[in-house]
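Shown below: work36.tsv, with TSV, C-alpha atoms and all ligand atoms.
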chain	number	residue	atom	x	y	z
P	1	MET	CA	-21.87	2.01	-19.34
P	2	ARG	CA	-21.09	-1.58	-18.29
P	3	SER	CA	-21.12	-2.12	-14.51
P	4	VAL	CA	-18.23	-4.15	-13.07
P	5	SER	CA	-19.28	-7.08	-10.86
P	6	VAL	CA	-16.69	-7.55	-8.14
P	7	GLY	CA	-15.89	-10.59	-5.98
P	8	VAL	CA	-14.07	-9.96	-2.68
P	9	ILE	CA	-11.85	-12.54	-0.95
P	10	GLY	CA	-11.27	-11.77	2.73
P	11	THR	CA	-13.91	-9.88	4.68
P	12	GLY	CA	-11.79	-8.61	7.58
P	13	TRP	CA	-11.17	-4.97	8.29
P	14	ILE	CA	-10.04	-3.65	4.93
P	15	GLY	CA	-12.18	-6.14	2.99
P	16	GLN	CA	-15.32	-4.75	4.62
P	17	ASP	CA	-14.12	-1.22	4.10
P	18	HIS	CA	-13.52	-1.80	0.38
P	19	ILE	CA	-16.92	-3.53	0.04
P	20	ARG	CA	-18.59	-0.49	1.62
P	21	ARG	CA	-16.60	1.79	-0.66
P	22	ILE	CA	-17.52	-0.12	-3.83
P	23	THR	CA	-21.16	-0.27	-2.76
P	24	GLU	CA	-21.62	3.32	-1.61
P	25	ARG	CA	-19.03	5.45	-3.33
P	26	VAL	CA	-17.73	3.91	-6.52
P	27	VAL	CA	-19.78	4.54	-9.65
P	28	GLY	CA	-20.17	1.61	-12.05
P	29	ALA	CA	-19.39	-1.32	-9.76
P	30	ARG	CA	-21.10	-3.59	-7.28
P	31	VAL	CA	-20.03	-6.45	-5.05
P	32	VAL	CA	-21.71	-9.69	-6.15
P	33	ALA	CA	-19.78	-12.40	-4.25
P	34	VAL	CA	-17.57	-12.68	-1.17
P	35	ALA	CA	-15.66	-15.39	0.72
P	36	ASP	CA	-13.74	-15.54	3.96
P	37	ILE	CA	-12.01	-18.31	5.90
P	38	ASP	CA	-14.76	-17.63	8.45
P	39	PRO	CA	-18.01	-18.51	6.56
P	40	GLU	CA	-20.23	-16.79	9.13
P	41	ARG	CA	-18.38	-13.51	8.68
P	42	ALA	CA	-18.68	-13.86	4.90
P	43	LYS	CA	-22.43	-14.52	5.15
P	44	GLN	CA	-23.00	-11.50	7.35
P	45	VAL	CA	-21.02	-9.18	5.09
P	46	ALA	CA	-22.65	-10.61	1.95
P	47	SER	CA	-26.17	-10.14	3.29
P	48	ASP	CA	-25.46	-6.46	4.02
P	49	VAL	CA	-24.80	-5.80	0.31
P	50	GLU	CA	-27.03	-8.46	-1.26
P	51	ALA	CA	-24.08	-10.46	-2.56
P	52	ARG	CA	-23.54	-14.23	-2.53
P	53	ALA	CA	-21.33	-15.74	0.19
P	54	LEU	CA	-19.27	-18.51	-1.41
P	55	PRO	CA	-17.33	-21.23	0.43
P	56	THR	CA	-13.80	-20.37	-0.80
P	57	GLY	CA	-11.78	-17.68	-2.51
P	58	GLN	CA	-11.34	-19.97	-5.51
P	59	ASP	CA	-15.14	-20.16	-5.79
P	60	VAL	CA	-15.26	-16.35	-5.97
P	61	ILE	CA	-12.68	-16.34	-8.77
P	62	ASP	CA	-14.54	-19.09	-10.66
P	63	ALA	CA	-18.01	-17.55	-10.25
P	64	PRO	CA	-19.28	-16.64	-13.75
P	65	GLU	CA	-20.95	-13.45	-12.53
P	66	VAL	CA	-17.64	-12.11	-11.13
P	67	ASP	CA	-15.83	-9.84	-13.62
P	68	ALA	CA	-12.99	-8.77	-11.33
P	69	VAL	CA	-11.57	-9.82	-7.97
P	70	VAL	CA	-10.43	-7.89	-4.87
P	71	VAL	CA	-8.03	-9.79	-2.59
P	72	THR	CA	-8.10	-8.53	1.00
P	73	SER	CA	-7.31	-11.74	2.83
P	74	TRP	CA	-4.26	-12.42	4.98
P	75	GLY	CA	-0.96	-11.66	3.19
P	76	PRO	CA	0.33	-15.27	2.87
P	77	THR	CA	-2.79	-16.17	0.83
P	78	HIS	CA	-2.40	-13.35	-1.73
P	79	ALA	CA	-0.11	-15.12	-4.24
P	80	GLU	CA	-2.41	-18.13	-4.58
P	81	TYR	CA	-5.49	-15.99	-5.26
P	82	VAL	CA	-3.75	-13.57	-7.62
P	83	LEU	CA	-2.31	-16.46	-9.66
P	84	ALA	CA	-5.73	-18.11	-9.79
P	85	ALA	CA	-7.35	-14.86	-10.98
P	86	ILE	CA	-4.73	-14.51	-13.74
P	87	ALA	CA	-5.36	-18.13	-14.76
P	88	ALA	CA	-9.08	-17.28	-14.99
P	89	GLY	CA	-8.26	-14.17	-17.08
P	90	LYS	CA	-9.86	-11.82	-14.50
P	91	HIS	CA	-8.58	-8.45	-13.29
P	92	VAL	CA	-7.43	-8.59	-9.68
P	93	PHE	CA	-6.85	-5.81	-7.18
P	94	CYS	CA	-4.61	-7.17	-4.41
P	95	GLU	CA	-4.02	-5.35	-1.16
P	96	LYS	CA	-0.37	-5.05	-0.24
P	97	PRO	CA	1.74	-7.15	-0.06
P	98	LEU	CA	1.36	-8.67	-3.52
P	99	ALA	CA	2.94	-11.79	-2.00
P	100	THR	CA	5.03	-12.47	1.08
P	101	THR	CA	8.16	-13.54	-0.87
P	102	ALA	CA	9.92	-11.98	-3.86
P	103	GLU	CA	9.84	-15.41	-5.54
P	104	ASP	CA	6.04	-15.50	-5.39
P	105	CYS	CA	5.86	-11.92	-6.69
P	106	LEU	CA	8.01	-13.01	-9.67
P	107	ARG	CA	5.71	-15.96	-10.33
P	108	ILE	CA	2.85	-13.46	-10.60
P	109	VAL	CA	4.90	-11.15	-12.86
P	110	GLU	CA	5.68	-14.09	-15.13
P	111	ALA	CA	2.11	-15.42	-15.20
P	112	GLU	CA	0.75	-11.98	-16.09
P	113	GLN	CA	3.21	-11.64	-18.98
P	114	VAL	CA	2.24	-15.09	-20.27
P	115	HIS	CA	-1.38	-13.96	-20.12
P	116	GLY	CA	-0.34	-11.04	-22.35
P	117	ARG	CA	-2.01	-8.00	-20.81
P	118	ARG	CA	-2.15	-6.34	-17.41
P	119	LEU	CA	-4.60	-7.87	-14.96
P	120	VAL	CA	-2.98	-7.11	-11.58
P	121	GLN	CA	-3.03	-3.95	-9.48
P	122	VAL	CA	-1.46	-3.68	-6.02
P	123	GLY	CA	-3.04	-1.62	-3.21
P	124	PHE	CA	-0.43	1.11	-2.83
P	125	MET	CA	-3.05	3.79	-2.15
P	126	ARG	CA	-0.69	6.69	-1.48
P	127	ARG	CA	-0.37	7.15	-5.24
P	128	TYR	CA	-4.03	8.25	-5.10
P	129	ASP	CA	-3.62	10.75	-2.24
P	130	ALA	CA	-4.19	14.35	-3.38
P	131	GLY	CA	-1.11	15.66	-1.53
P	132	TYR	CA	1.26	13.03	-2.92
P	133	ARG	CA	-0.15	13.65	-6.41
P	134	GLN	CA	0.61	17.37	-6.08
P	135	LEU	CA	4.12	16.51	-4.91
P	136	LYS	CA	4.64	14.33	-7.98
P	137	GLN	CA	3.32	17.03	-10.32
P	138	VAL	CA	5.82	19.54	-8.92
P	139	ILE	CA	8.73	17.09	-9.21
P	140	ASP	CA	7.74	15.97	-12.73
P	141	ALA	CA	7.34	19.58	-13.89
P	142	GLY	CA	10.97	20.23	-12.89
P	143	ASP	CA	9.92	22.99	-10.48
P	144	ILE	CA	12.55	22.00	-7.88
P	145	GLY	CA	15.19	20.93	-10.41
P	146	THR	CA	16.77	17.52	-10.18
P	147	PRO	CA	15.71	15.85	-6.90
P	148	LEU	CA	18.67	15.22	-4.59
P	149	MET	CA	17.18	14.15	-1.25
P	150	MET	CA	13.95	13.12	0.39
P	151	HIS	CA	13.17	13.30	4.10
P	152	CYS	CA	10.23	11.11	5.10
P	153	ALA	CA	8.56	10.12	8.35
P	154	HIS	CA	5.94	7.46	9.07
P	155	ARG	CA	4.67	7.69	12.64
P	156	ASN	CA	1.86	5.72	14.28
P	157	PRO	CA	0.60	6.41	17.81
P	158	THR	CA	0.86	2.74	18.84
P	159	VAL	CA	0.85	-0.76	17.35
P	160	PRO	CA	-0.58	-4.05	18.66
P	161	GLU	CA	1.68	-6.43	20.57
P	162	GLY	CA	1.89	-8.82	17.59
P	163	TYR	CA	3.80	-6.17	15.61
P	164	HIS	CA	7.48	-7.16	15.41
P	165	SER	CA	10.61	-5.30	14.28
P	166	ALA	CA	10.66	-6.65	10.69
P	167	MET	CA	7.13	-5.29	10.19
P	168	ALA	CA	8.57	-1.76	10.27
P	169	ALA	CA	9.79	-2.53	6.74
P	170	GLN	CA	7.30	-5.20	5.62
P	171	ASP	CA	4.09	-3.50	6.76
P	172	THR	CA	4.91	0.14	7.41
P	173	ALA	CA	7.83	1.40	5.28
P	174	ILE	CA	6.59	-0.64	2.30
P	175	HIS	CA	4.28	2.31	1.56
P	176	GLU	CA	7.21	4.77	1.41
P	177	ILE	CA	9.27	2.24	-0.57
P	178	ASP	CA	6.61	2.28	-3.27
P	179	THR	CA	5.95	6.02	-3.01
P	180	VAL	CA	9.60	6.98	-3.35
P	181	ARG	CA	10.07	4.80	-6.47
P	182	TRP	CA	6.95	6.34	-7.98
P	183	LEU	CA	7.71	9.97	-7.04
P	184	LEU	CA	11.25	9.87	-8.37
P	185	ASP	CA	10.56	7.43	-11.19
P	186	ASP	CA	13.74	5.66	-10.18
P	187	GLU	CA	14.78	2.41	-8.54
P	188	ILE	CA	16.14	1.88	-5.03
P	189	VAL	CA	19.58	0.25	-5.17
P	190	SER	CA	20.48	-0.05	-1.48
P	191	ALA	CA	18.91	-0.02	1.96
P	192	GLN	CA	20.27	0.46	5.45
P	193	VAL	CA	18.61	0.62	8.87
P	194	LEU	CA	20.06	2.59	11.78
P	195	THR	CA	18.57	2.11	15.22
P	196	PRO	CA	18.45	5.11	17.56
P	197	ARG	CA	17.80	4.64	21.25
P	198	SER	CA	14.47	2.82	21.49
P	199	THR	CA	11.45	4.47	23.05
P	200	SER	CA	10.39	3.15	26.44
P	201	ASN	CA	6.78	3.12	25.12
P	202	LYS	CA	7.21	-0.17	23.30
P	203	PHE	CA	7.15	-3.91	23.73
P	204	GLU	CA	10.43	-5.59	24.77
P	205	HIS	CA	10.74	-7.40	21.44
P	206	LEU	CA	10.37	-4.29	19.28
P	207	THR	CA	13.09	-2.05	17.82
P	208	ASP	CA	11.37	1.34	17.57
P	209	PRO	CA	12.05	3.84	16.07
P	210	GLN	CA	14.04	2.74	13.03
P	211	PHE	CA	15.89	5.11	10.76
P	212	MET	CA	16.01	3.83	7.18
P	213	LEU	CA	18.30	5.05	4.42
P	214	PHE	CA	17.73	4.31	0.75
P	215	GLU	CA	19.87	5.12	-2.27
P	216	MET	CA	18.33	5.56	-5.72
P	217	ALA	CA	19.98	4.38	-8.95
P	218	GLY	CA	20.21	8.05	-10.03
P	219	GLY	CA	22.08	8.96	-6.82
P	220	ALA	CA	19.32	10.63	-4.78
P	221	ARG	CA	19.28	9.69	-1.09
P	222	ILE	CA	16.21	9.07	1.05
P	223	ASP	CA	15.92	9.05	4.82
P	224	LEU	CA	12.80	7.59	6.43
P	225	GLU	CA	11.98	7.61	10.11
P	226	VAL	CA	9.60	4.79	11.06
P	227	PHE	CA	8.31	5.38	14.59
P	228	VAL	CA	5.29	3.25	15.40
P	229	ASN	CA	4.87	4.17	19.07
P	230	CYS	CA	5.15	7.95	18.82
P	231	GLN	CA	2.05	8.34	21.06
P	232	TYR	CA	0.69	11.59	19.63
P	233	GLY	CA	-0.87	10.58	16.29
P	234	TYR	CA	-0.57	9.20	12.77
P	235	ASP	CA	1.82	11.56	11.06
P	236	ILE	CA	3.09	11.15	7.50
P	237	ARG	CA	5.74	13.48	6.14
P	238	CYS	CA	7.66	13.78	2.95
P	239	GLU	CA	9.91	16.60	1.76
P	240	THR	CA	11.77	16.40	-1.53
P	241	VAL	CA	14.77	18.67	-1.96
P	242	GLY	CA	16.00	19.45	-5.46
P	243	GLU	CA	18.74	21.59	-7.02
P	244	THR	CA	16.60	24.74	-7.06
P	245	GLY	CA	13.82	24.21	-4.52
P	246	ALA	CA	12.07	21.95	-2.03
P	247	VAL	CA	8.52	20.65	-1.89
P	248	SER	CA	6.67	19.17	1.10
P	249	LEU	CA	3.63	16.95	1.43
P	250	PRO	CA	0.84	19.20	2.78
P	251	ASP	CA	-0.85	18.30	6.03
P	252	PRO	CA	-4.39	17.17	5.19
P	253	ALA	CA	-6.93	19.98	5.50
P	254	GLN	CA	-8.25	20.30	9.05
P	255	VAL	CA	-9.73	23.33	10.77
P	256	TRP	CA	-7.54	25.62	12.83
P	257	LEU	CA	-9.01	26.62	16.18
P	258	ARG	CA	-7.94	29.93	17.72
P	259	ASP	CA	-8.86	30.23	21.39
P	260	ALA	CA	-7.34	30.89	24.81
P	261	GLY	CA	-4.31	32.57	23.25
P	262	GLN	CA	-3.45	29.57	21.10
P	263	VAL	CA	-3.83	28.22	17.57
P	264	ARG	CA	-4.61	24.50	17.43
P	265	THR	CA	-5.34	21.87	14.82
P	266	GLY	CA	-5.84	18.11	14.99
P	267	VAL	CA	-3.49	15.28	14.10
P	268	TYR	CA	-5.05	12.15	12.61
P	269	GLN	CA	-4.97	9.13	14.90
P	270	ASP	CA	-4.83	6.43	12.26
P	271	TRP	CA	-4.19	5.71	8.61
P	272	LYS	CA	-7.84	4.78	7.99
P	273	ASP	CA	-8.86	8.42	8.36
P	274	ARG	CA	-5.71	9.95	6.90
P	275	PHE	CA	-5.97	7.99	3.65
P	276	ALA	CA	-9.79	7.50	3.44
P	277	GLU	CA	-10.09	9.69	0.33
P	278	ALA	CA	-7.06	8.07	-1.30
P	279	PHE	CA	-8.72	4.64	-0.89
P	280	ASP	CA	-11.91	6.01	-2.50
P	281	VAL	CA	-10.03	7.40	-5.50
P	282	GLU	CA	-7.91	4.24	-5.77
P	283	LEU	CA	-10.92	1.94	-6.11
P	284	ALA	CA	-12.87	4.32	-8.35
P	285	GLU	CA	-9.92	4.56	-10.77
P	286	TRP	CA	-9.38	0.80	-10.61
P	287	VAL	CA	-13.01	0.13	-11.57
P	288	ARG	CA	-12.77	2.53	-14.52
P	289	ALA	CA	-9.51	0.90	-15.64
P	290	VAL	CA	-11.04	-2.60	-15.38
P	291	ARG	CA	-14.01	-1.47	-17.46
P	292	ASP	CA	-11.67	-0.03	-20.10
P	293	ASP	CA	-9.25	-2.99	-19.78
P	294	ALA	CA	-6.45	-0.45	-19.34
P	295	LEU	CA	-4.82	-0.75	-15.91
P	296	THR	CA	-2.35	2.02	-15.02
P	297	GLY	CA	-2.08	1.71	-11.21
P	298	PRO	CA	0.71	0.06	-9.21
P	299	SER	CA	1.63	-3.10	-11.08
P	300	ALA	CA	2.77	-6.60	-10.20
P	301	TRP	CA	6.28	-5.34	-11.00
P	302	ASP	CA	5.87	-2.60	-8.36
P	303	GLY	CA	4.73	-5.30	-5.90
P	304	TYR	CA	7.83	-7.36	-6.74
P	305	ALA	CA	10.21	-4.37	-6.41
P	306	ALA	CA	8.69	-3.38	-3.05
P	307	SER	CA	9.12	-6.93	-1.81
P	308	VAL	CA	12.83	-7.09	-2.78
P	309	ILE	CA	13.54	-3.73	-1.13
P	310	SER	CA	11.59	-4.57	1.99
P	311	ASP	CA	13.59	-7.84	2.28
P	312	ALA	CA	16.84	-5.87	1.97
P	313	THR	CA	15.66	-3.46	4.68
P	314	VAL	CA	14.88	-6.34	7.05
P	315	GLU	CA	18.29	-7.84	6.26
P	316	SER	CA	19.98	-4.55	7.16
P	317	LEU	CA	18.04	-4.39	10.43
P	318	ARG	CA	19.65	-7.75	11.25
P	319	THR	CA	23.20	-6.90	10.12
P	320	GLY	CA	23.32	-3.11	10.50
P	321	GLY	CA	25.13	-2.83	7.16
P	322	VAL	CA	24.23	-1.45	3.74
P	323	VAL	CA	22.37	-4.08	1.69
P	324	ASN	CA	22.44	-3.69	-2.09
P	325	THR	CA	19.20	-4.57	-3.83
P	326	GLN	CA	19.23	-6.49	-7.06
P	327	LEU	CA	16.05	-6.54	-9.14
P	328	LYS	CA	15.65	-8.66	-12.25
P	329	ASP	CA	15.70	-6.66	-15.51
P	330	ARG	CA	12.39	-4.84	-15.80
P	331	PRO	CA	10.44	-6.39	-18.68
P	332	GLU	CA	9.12	-4.14	-21.47
P	333	PHE	CA	5.65	-5.34	-20.47
P	334	TYR	CA	6.08	-3.15	-17.33
P	335	GLY	CA	7.66	-0.21	-19.16
P	336	GLY	CA	11.25	-1.47	-18.84
N	1	LIG	P1	-7.89	-8.79	8.70
N	1	LIG	O1	-8.84	-7.88	9.38
N	1	LIG	O2	-7.19	-9.87	9.46
N	1	LIG	O3	-8.66	-9.45	7.46
N	1	LIG	C1	-8.19	-10.51	6.71
N	1	LIG	C2	-9.38	-11.43	6.47
N	1	LIG	O4	-9.03	-12.49	5.58
N	1	LIG	C3	-9.85	-12.07	7.77
N	1	LIG	O5	-11.27	-12.10	7.79
N	1	LIG	C4	-9.25	-13.47	7.66
N	1	LIG	O6	-9.90	-14.42	8.48
N	1	LIG	C5	-9.46	-13.71	6.19
N	1	LIG	N1	-8.70	-14.81	5.65
N	1	LIG	C6	-7.55	-15.39	6.10
N	1	LIG	N2	-7.17	-16.41	5.29
N	1	LIG	C7	-8.09	-16.47	4.30
N	1	LIG	C8	-8.27	-17.33	3.17
N	1	LIG	N3	-7.41	-18.31	2.90
N	1	LIG	N4	-9.32	-17.11	2.35
N	1	LIG	C9	-10.21	-16.12	2.60
N	1	LIG	N5	-10.11	-15.30	3.68
N	1	LIG	C10	-9.07	-15.48	4.52
N	1	LIG	O7	-6.73	-7.96	7.99
N	1	LIG	P2	-6.84	-6.54	7.25
N	1	LIG	O8	-6.35	-5.48	8.16
N	1	LIG	O9	-8.17	-6.40	6.63
N	1	LIG	O10	-5.70	-6.73	6.13
N	1	LIG	C11	-5.90	-7.56	5.00
N	1	LIG	C12	-4.80	-7.25	3.97
N	1	LIG	O11	-4.90	-5.88	3.60
N	1	LIG	C13	-3.38	-7.47	4.49
N	1	LIG	O12	-2.58	-7.97	3.46
N	1	LIG	C14	-2.93	-6.06	4.88
N	1	LIG	O13	-1.52	-5.87	4.77
N	1	LIG	C15	-3.65	-5.23	3.83
N	1	LIG	N6	-3.91	-3.86	4.31
N	1	LIG	C16	-3.49	-2.82	3.54
N	1	LIG	C17	-3.67	-1.53	3.98
N	1	LIG	C18	-3.20	-0.36	3.16
N	1	LIG	O14	-2.85	0.65	3.74
N	1	LIG	N7	-3.20	-0.45	1.83
N	1	LIG	C19	-4.30	-1.29	5.20
N	1	LIG	C20	-4.75	-2.39	5.95
N	1	LIG	C21	-4.55	-3.67	5.50
N	1	LIG	P3	-9.29	-14.69	9.99
N	1	LIG	O15	-9.35	-13.37	10.69
N	1	LIG	O16	-10.21	-15.72	10.53
N	1	LIG	O17	-7.88	-15.17	9.75
If you took the structure in this file and wrote it as structure tokens, what would it be?
Ligand code: NAP
Amino acid sequence: MRSVSVGVIGTGWIGQDHIRRITERVVGARVVAVADIDPERAKQVASDVEARALPTGQDVIDAPEVDAVVVTSWGPTHAEYVLAAIAAGKHVFCEKPLATTAEDCLRIVEAEQVHGRRLVQVGFMRRYDAGYRQLKQVIDAGDIGTPLMMHCAHRNPTVPEGYHSAMAAQDTAIHEIDTVRWLLDDEIVSAQVLTPRSTSNKFEHLTDPQFMLFEMAGGARIDLEVFVNCQYGYDIRCETVGETGAVSLPDPAQVWLRDAGQVRTGVYQDWKDRFAEAFDVELAEWVRAVRDDALTGPSAWDGYAASVISDATVESLRTGGVVNTQLKDRPEFYGG
């Protein structure tokens, strides 16, 4: 079986985590080259896995020994690297966001179609989480009838001071935006943000929590609470209600402790632990798909759609009104 030689651009937090994953957990792949804007960081990370540290991301893409590229640099650099990987005819896994503007996402969509086959996958890892996959199986099997509503929550204990109100959509809700489209196999057609009384446990500049409402083309309605200073833990919820039943995302398996007249269990404190297994599965499946030249994961189109809907959500936060979302016609290339 051919091993996939991977080049990684951006060796910050998630870049290092994905390098460790590919090196230690993914069968049939190894990291052979890395680059970072900070060359010392790149050298250190490269030496840990016996890869080459190259001066720039473009050098990683151009390196003949690199079969496929992972982009984990800062969001505003994603479009440039993804377009360069397509131009080089190499598969590219890009962490979210695919690009920071819908226009740049469309440039990627167009370049990939010109290339003629799928090369791009976006890092929406919830599609690889065991609980979300069970949820999708139940919905797809028709076990709850036609889905009518979804109630979702995305809570973080705290966020750093640099986090601003638009990031609730751009950085946080973008995961639910993708998940909801995937679970219901339907498109979001409008977004609205309502703002309850803000928590006192927040920075002055931040609107938190935010209550987001989405409408699907088929008429289902979604509510999503984004609360990034909830204090108590990282808590992800999703319940889908259909015509004949309801199905909820299970809490990840953790032990239950019975003592002192109580039953207790833990709540994860961050997304790194909550979705660790989903990240493992995501990269393992990506490597297999690259080897078979048959990508099936979240596409450049999904990255584009998420970007348009996240922009509409930010717009509604500003205006308070309902913002209709208008996607281009989905090309056949992406199953349109
Ligand atoms: P990070 O720790 O800041 O890492 C980004 C790295 O890229 C840093 O080392 C940064 O260097 C470097 N970099 C910046 N510009 C570059 C360039 N032009 N070429 C090469 N390297 C460059 O951020 P992170 O938390 O790892 O996040 C990286 C990306 O992953 C973001 O897009 C983020 O949204 C995404 N992400 C996704 C998830 C998920 O749940 N799927 C989770 C976390 C992060 P400096 O620090 O010197 O700028």
Q. Restricting the calculation to only C-alpha atoms, which member of P:Phe333, P:Tyr232, P:Trp13, P:Tyr128 is positioned closest to P:Trp286?
A.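 Counting only C-alpha atoms, the residue closest to P:Trp286 is P:Tyr128.
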Q.
Distance limit 10 Å, reference ligand LIG 1 (chain N), atoms considered: only C-alpha atoms and all ligand atoms. Which residues make the cut? Give them as a PyMOL selection string.
A. chain P and resi 8-18+34-39+41-42+55-58+60+71-78+80-81+94-100+122-126+170-172+174-175+271-272+275-276+278-279
Q: Grab the atom CA of P:Thr195 to atom CA of P:Phe211 distance for me, in Å with one decimal place.
A: 6.0 Å
Please determine an axis-aligned box that encloses all atoms of stretch 202-221 of chain P listed in the file, with 3 Å added on each side, and express its centre and edge lengths in Å to one decimal as AutoDock Vina command-line options.
--center_x 14.6 --center_y 1.6 --center_z 7.4 --size_x 20.9 --size_y 24.0 --size_z 40.8
Q: Check the smallest atom-to-atom distance from each of P:Ala68, P:Cys152, P:Val228, P:Val281 to P:Phe203 using only C-alpha atoms, then report the winner.
A: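 Of P:Ala68, P:Cys152, P:Val228, P:Val281, the one nearest P:Phe203 is P:Val228, counting only C-alpha atoms.
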Q: Find the residue from P:Arg197, P:Arg133, P:Arg221, P:Arg127 that sits nearest to P:Thr179; use all atoms listed in the file when measuring.
A: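 Using all atoms listed in the file, the shortest distance to P:Thr179 belongs to P:Arg127.
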Q. Quick one: distance from atom CA of P:Ser5 to atom CA of P:Lys43 in Å, one decimal?
A.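 Separation of atom CA of P:Ser5 and atom CA of P:Lys43: 17.9 Å.
Of note, atom CA of P:Gly219 and atom CA of P:Arg181 are spaced 12.7 Å apart.
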Skipping near chain neighbours, those fewer than 6 positions away, what residues fall within 10 Å of P:Leu224 using only C-alpha atoms, listed as a PDB file with C-alpha atoms, in the frame of the given file?
ATOM      1  CA  MET P 150      13.950  13.120   0.390  1.00  0.00           C
ATOM      2  CA  HIS P 151      13.170  13.300   4.100  1.00  0.00           C
ATOM      3  CA  CYS P 152      10.230  11.110   5.100  1.00  0.00           C
ATOM      4  CA  ALA P 153       8.560  10.120   8.350  1.00  0.00           C
ATOM      5  CA  HIS P 154       5.940   7.460   9.070  1.00  0.00           C
ATOM      6  CA  ALA P 173       7.830   1.400   5.280  1.00  0.00           C
ATOM      7  CA  GLU P 176       7.210   4.770   1.410  1.00  0.00           C
ATOM      8  CA  ILE P 177       9.270   2.240  -0.570  1.00  0.00           C
ATOM      9  CA  VAL P 193      18.610   0.620   8.870  1.00  0.00           C
ATOM     10  CA  GLN P 210      14.040   2.740  13.030  1.00  0.00           C
ATOM     11  CA  PHE P 211      15.890   5.110  10.760  1.00  0.00           C
ATOM     12  CA  MET P 212      16.010   3.830   7.180  1.00  0.00           C
ATOM     13  CA  LEU P 213      18.300   5.050   4.420  1.00  0.00           C
ATOM     14  CA  PHE P 214      17.730   4.310   0.750  1.00  0.00           C
ATOM     15  CA  ARG P 237       5.740  13.480   6.140  1.00  0.00           C
ATOM     16  CA  CYS P 238       7.660  13.780   2.950  1.00  0.00           C
TER      17      CYS P 238
END
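Comparing P:Gly242, P:Val189, P:Asp104, P:Pro157 by their smallest distance to P:Ala312, the closest is P:Val189 (using all atoms listed in the file).
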Q) Nearest to P:Pro331: which of P:Ala217, P:Ile139, P:Glu110, P:Asn156 is it, counting only C-alpha atoms? A)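 Distance minimum relative to P:Pro331 lands on P:Glu110.
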Q) When distances are computed from all atoms listed in the file, which of P:Ser248, P:Thr199, P:Thr207, P:Gln44 shows the smallest separation from P:Tyr132? A) P:Ser248
Q: Please provide the set of residues having any atom within 10 Å of stretch 159-163 of chain P, restricted to all atoms listed in the file, with same-chain residues fewer than 3 positions apart removed, written as a ChimeraX atom specification.
A: /P:156,166-168,171,202-206,228-231
Sorted per-residue table, stretch 16-96 of chain P near stretch 290-305 of chain P, closest atoms and distance, 12 Å, all atoms listed in the file, as JSON lines:
{"residue": "P:Val27", "atom": "CA", "partner": "P:Arg291", "partner_atom": "CA", "distance": 11.4}
{"residue": "P:Gly28", "atom": "CA", "partner": "P:Arg291", "partner_atom": "CA", "distance": 8.8}
{"residue": "P:Ala29", "atom": "CA", "partner": "P:Arg291", "partner_atom": "CA", "distance": 9.4}
{"residue": "P:Asp67", "atom": "CA", "partner": "P:Val290", "partner_atom": "CA", "distance": 8.9}
{"residue": "P:Ala68", "atom": "CA", "partner": "P:Val290", "partner_atom": "CA", "distance": 7.6}
{"residue": "P:Val69", "atom": "CA", "partner": "P:Val290", "partner_atom": "CA", "distance": 10.4}
{"residue": "P:Val70", "atom": "CA", "partner": "P:Val290", "partner_atom": "CA", "distance": 11.8}
{"residue": "P:His78", "atom": "CA", "partner": "P:Gly303", "partner_atom": "CA", "distance": 11.5}
{"residue": "P:Ala79", "atom": "CA", "partner": "P:Ala300", "partner_atom": "CA", "distance": 10.8}
{"residue": "P:Val82", "atom": "CA", "partner": "P:Ala300", "partner_atom": "CA", "distance": 9.9}
{"residue": "P:Leu83", "atom": "CA", "partner": "P:Ala300", "partner_atom": "CA", "distance": 11.1}
{"residue": "P:Ile86", "atom": "CA", "partner": "P:Ala300", "partner_atom": "CA", "distance": 11.5}
{"residue": "P:Gly89", "atom": "CA", "partner": "P:Asp293", "partner_atom": "CA", "distance": 11.5}
{"residue": "P:Lys90", "atom": "CA", "partner": "P:Val290", "partner_atom": "CA", "distance": 9.3}
{"residue": "P:His91", "atom": "CA", "partner": "P:Val290", "partner_atom": "CA", "distance": 6.7}
{"residue": "P:Val92", "atom": "CA", "partner": "P:Val290", "partner_atom": "CA", "distance": 9.0}
{"residue": "P:Phe93", "atom": "CA", "partner": "P:Ser299", "partner_atom": "CA", "distance": 9.7}
{"residue": "P:Cys94", "atom": "CA", "partner": "P:Ala300", "partner_atom": "CA", "distance": 9.4}
{"residue": "P:Glu95", "atom": "CA", "partner": "P:Gly303", "partner_atom": "CA", "distance": 10.0}
{"residue": "P:Lys96", "atom": "CA", "partner": "P:Gly303", "partner_atom": "CA", "distance": 7.6}
Q | Neighbour list for P:Arg274 as a PyMOL selection string, cut-off 9 Å, only C-alpha atoms, skip fewer than 4 positions in-chain | A | chain P and resi 234-236+252+268-270+278
